[in-house]
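One structure is given below, encoded as structure tokens.
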Amino acid sequence: MRTVYATSLMALAVALSQPAAAQTAGTAAQPAGDPVEETQTAAPPAPVAAEEPTGPQVSDIIVTAQRRSTRLQDTSAAISAFGGADLEESRVLSFEDLAGQATSLSFTALSPLDQEFNVRGITNTRLDSPTADQSIGIFVDDVYVGRSGLFNFDLYDIDRVEVIRGPQGVLLGRNVVGGAVSIYSAAPKSVFGGSMTAGYGNYNEKLVKGHLTGPLSEGLNGRFAFQVRQRDGFNQDIAHDVDLDNVDSIQMRGQVEYRPAGSTFAARLIADYTRDKANGFHSVVVDGPAPGAGPWSTARARVAAIRGGLSVRESLPDWNTYKGDAYPSPQALSRKAWGLTLNLQQEFEGFATLTSITGYRQGNGFNRYDQTGIGPSNAYGISIPLLFRSPVRELERIKQLSQEIRLVSPKVTDRGFDWIAGVYAQRDRIRKNDTISFEILTPPLPTLNGESAWDNRGRNESYAVFGQLGYRFSPQLRVVGGLRYSHDKKSGRVTGLAVETGDKFNPNDIIPASPLSSTYREGGGYTTDYSDTWSQLTPQATVEFKANRNVLLYATFSTGYKGGGFEDDPANDVAARTSYDPEKVESYEVGAKLDLFNRRARLNIAAFSMRYKNLQVTQTSQVCLCNITDNAADAKIKGIEAEATVALFRGLSLNGGLTLLDTKYIKFTDSVGNVNDGKFLQRTPRYQFNVGANYTTDLGTWQNGFTANINYNRQGKLSWNPEGSANEPGYGLLDARVSVSPNPDLTFSVWGRNLTDKLYRVNAIAFFGDEASRLGAPRTYGAEIAVKF
């Protein structure tokens, strides 16, 4: 790691020692805040207007997924890109909101700390141990974010978001198997300006956000952005009269960017801070697919009979008294994180652009919740067989340092070679504390009484060297190949402890709470070290044919890799030292990007076939009441995607996306004994589509004074577990926003999400005939006023 950082400093020292490249005579100077060259990635330009504004045309957006600034339509990869203005117009605040807009992206979550993203059937399935990697990479200003739940807060003051589909095994900062979501902050500007937005909505939602940007001195620009959001909970803890799933968050980001006049050097420093807290989340247990109702849904039915009804958005979670505490602890959620990103660039005219990206992130996350929402200690005295409670307490602390250095040659437009070369290093230090308690009245079962705890300290190191070489045979035909070597080392120390055996109903039980091994007694346990290493080569090759400005055809072979890891809460020292294997994928994809009818219509399509080896699958076992990660022997995924935009006439555009998937596990018998051969991949919709419309027109004397945006997204049936016994029916969500602007600097808006008030789940865990479920947001609506200056 020290070697890589030292190399970074030496390379930058060489770059800075070079004389500044003089600008070409007769060429206007680049304004501060704009890209130096097409290889620039720190602050890509905003979406550009059509070249021939003779009629309504689909606008372009610039992306950097292939490490050069290119038009989306000139990029040979399946990407959904959203400009900051589009996100504002659709009021996309979170990744769950984004999933309703992006083709092939879906979102589920066990808790705010356990967020799951799914692209083309590949998902981060509750892999939250300190050594777990994400299947879908999250990148913020080109810095990989390793712990998705800890750092994923609201989207605000964004330049653009790129959702890149399929394995990314060469160019992105970290090797990912399923795809990536890249978020780019709006950059500082050389002209003074800013904005302020204030809004109010149902559930007492209050939102204030804004930004300020402008010059600080010659060649130095700054930007500061913030957002504050508060909201009452969608759900209710009726046992303690407390809202659940409420929001209380503050976020801010400061930036400085230095671009000296007459130089091709640029430096950008970004500092961000996020903090949120809540009363915890709502868990409701519903009757599952097994014959007969389970214990928790039966208990809820009896409570409903006593009090004359019980809404699905009401629960009775237990507040657990942990050993050593005098009073019960309420449910709670809190997160706090900050980060620094330093992006340095030096262009060597005619040769390449050297980029160094250094990222540091640090954060804490705390979550305490009742998994079932009702137990034997409920206020109504309901007690039936197997009605046990299982509160969970988890604390996570992380420090992450990453460094990427890359050289990118200039873009070749006629004939010749282009190339990219780079190195990457990342080091994580993660400490995770988990406490699981059980309590059961009858029958008195061992492993369902007492309190067990784990202290898991993980150390992850990842190194990579990557390169790409392309050759353009003509302005139309280009072939490119790339290769990445990745090396991962995962190590750490974990302690499992039987804190307390027995509970108030069964005080003499001597068996520790699951999933800790029954051989331990109260105060006993284990401490052990674990370690493993993995390495992988991931090649990629693409042929692209650009028939003309409006037609791009491409074919790609790509591979991806995700390192192995260790269980979060292992039952004993042997399980703690036993790793699961890396995940690998091979993907074949053909695609076309078409601008039609004088660029009044756009159609992007892709067909793909992927073969996964050792697919990592996590599920909850009712045998050990624990999460188990298995390597599925193999899995196949085939699919088709299509995205379309049509500018019907000036002011009105339609857009839509469609994904159809055919997936299956191959020779997969999990640790519990379920044979899943031929089953559809878990947490994966069989189809997804979204359709939307945007309309802008004059309102009296107000030019472009009226804007309306509507979006409907629907996903098909999915299964919450590999065996397909717990399922979520298909559902659709309708969102809309209407705005009135007396002038370009003042806008009044009303908005609504899930306007049909559809009830749906974002997570479900099946056990003992019931399904512990987390619900999606109900109908929300509100109004906003925005001012620009």
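Residue numbering restarts at 1 for every chain of the structure tokens, chains are lettered A, B, ... in their displayed order, and ligands are numbered from 1 as they appear.
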Find the spatial neighbours of Lys336 in chain A, counting only C-alpha atoms, within a cut-off of 6 Å - ignore same-chain residues fewer than 3 positions away - and output them as a VMD selection string. chain A and resid 274 to 275 363 to 364
Go ahead and save the residues from that selection, with N, CA and C atoms, as a short mmCIF file (atom, residue, chain, number, x, y, z; two decimals), in the first residue's frame.
data_model
loop_
_atom_site.label_atom_id
_atom_site.label_comp_id
_atom_site.auth_asym_id
_atom_site.auth_seq_id
_atom_site.Cartn_x
_atom_site.Cartn_y
_atom_site.Cartn_z
N THR A 274 -22.10 13.68 6.46
CA THR A 274 -23.49 13.23 6.50
C THR A 274 -23.80 12.70 7.90
N ARG A 275 -25.02 12.98 8.34
CA ARG A 275 -25.47 12.47 9.62
C ARG A 275 -26.98 12.29 9.57
N GLY A 363 -16.62 6.42 9.03
CA GLY A 363 -18.00 6.55 9.48
C GLY A 363 -18.36 5.54 10.55
N ASN A 364 -19.49 5.82 11.20
CA ASN A 364 -20.06 4.94 12.21
C ASN A 364 -21.53 4.73 11.89
#
Where in range 40-149 of chain A does DSSP assign strand (DSSP E or B), given as JSON, numbers by chain? {"A": [62, 63, 70, 71, 79, 80, 81, 82, 83, 105, 106, 107, 108, 109, 110, 111, 114, 115, 116, 117, 118, 119, 122, 123, 136, 137, 138, 139, 140, 143, 144, 145]}
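A straight line drawn from CA of Thr442 in chain A to CA of Thr321 in chain A is 20.0 Å long.
Each of A:Arg521, A:His282, A:Arg160, A:Arg120 was checked against Gly83 in chain A using only C-alpha atoms; the smallest atom-to-atom distance is that of A:Arg160.
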Give me, as a Markdown table, each residue of range 591-663 of chain A that comes within 9 Å of range 547-571 of chain A, together with its shortest interatomic pair and the distance in Å at one decimal, counting only C-alpha atoms, with rows ordered by chain and rising residue number.
| residue | atom | partner | partner_atom | distance |
| --- | --- | --- | --- | --- |
| A:Gly591 | CA | A:Tyr554 | CA | 5.4 |
| A:Ala592 | CA | A:Leu553 | CA | 4.5 |
| A:Lys593 | CA | A:Leu552 | CA | 5.1 |
| A:Leu594 | CA | A:Val551 | CA | 4.8 |
| A:Asp595 | CA | A:Asn550 | CA | 4.7 |
| A:Leu596 | CA | A:Asn550 | CA | 7.1 |
| A:Asn598 | CA | A:Asn550 | CA | 8.7 |
| A:Arg599 | CA | A:Asn550 | CA | 7.6 |
| A:Gln616 | CA | A:Gly564 | CA | 8.6 |
| A:Cys626 | CA | A:Asp569 | CA | 7.9 |
| A:Asn627 | CA | A:Asp569 | CA | 8.0 |
| A:Ile628 | CA | A:Glu567 | CA | 7.4 |
| A:Thr629 | CA | A:Glu567 | CA | 7.1 |
Excluding Ser311 in chain A and its own-chain neighbours fewer than 5 positions away, which residues fall within 10 Å of it when counting only C-alpha atoms? Please give them as a PyMOL selection string. chain A and resi 235-236+284+300+304
Go ahead and write the selection's residues with C-alpha atoms as a PDB file, in the first residue's frame.
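Now in selection-v1.pdb:
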ATOM      1  CA  ASN A 235     -45.189   3.349  10.425  1.00  0.00           C
ATOM      2  CA  GLN A 236     -46.078   3.167  14.114  1.00  0.00           C
ATOM      3  CA  VAL A 284     -44.216  -6.618  10.274  1.00  0.00           C
ATOM      4  CA  ARG A 300     -50.982 -10.188  15.394  1.00  0.00           C
ATOM      5  CA  ALA A 304     -56.255  -7.185  16.144  1.00  0.00           C
TER       6      ALA A 304
END
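Once Val181 in chain A and its same-chain neighbours fewer than 4 positions away are set aside, Ile136, Gly137, Ile138, Phe139, Val140, Val161, Glu162, Val163, Ile164 and Arg165 of chain A remain within 9 Å of it when counting only C-alpha atoms.
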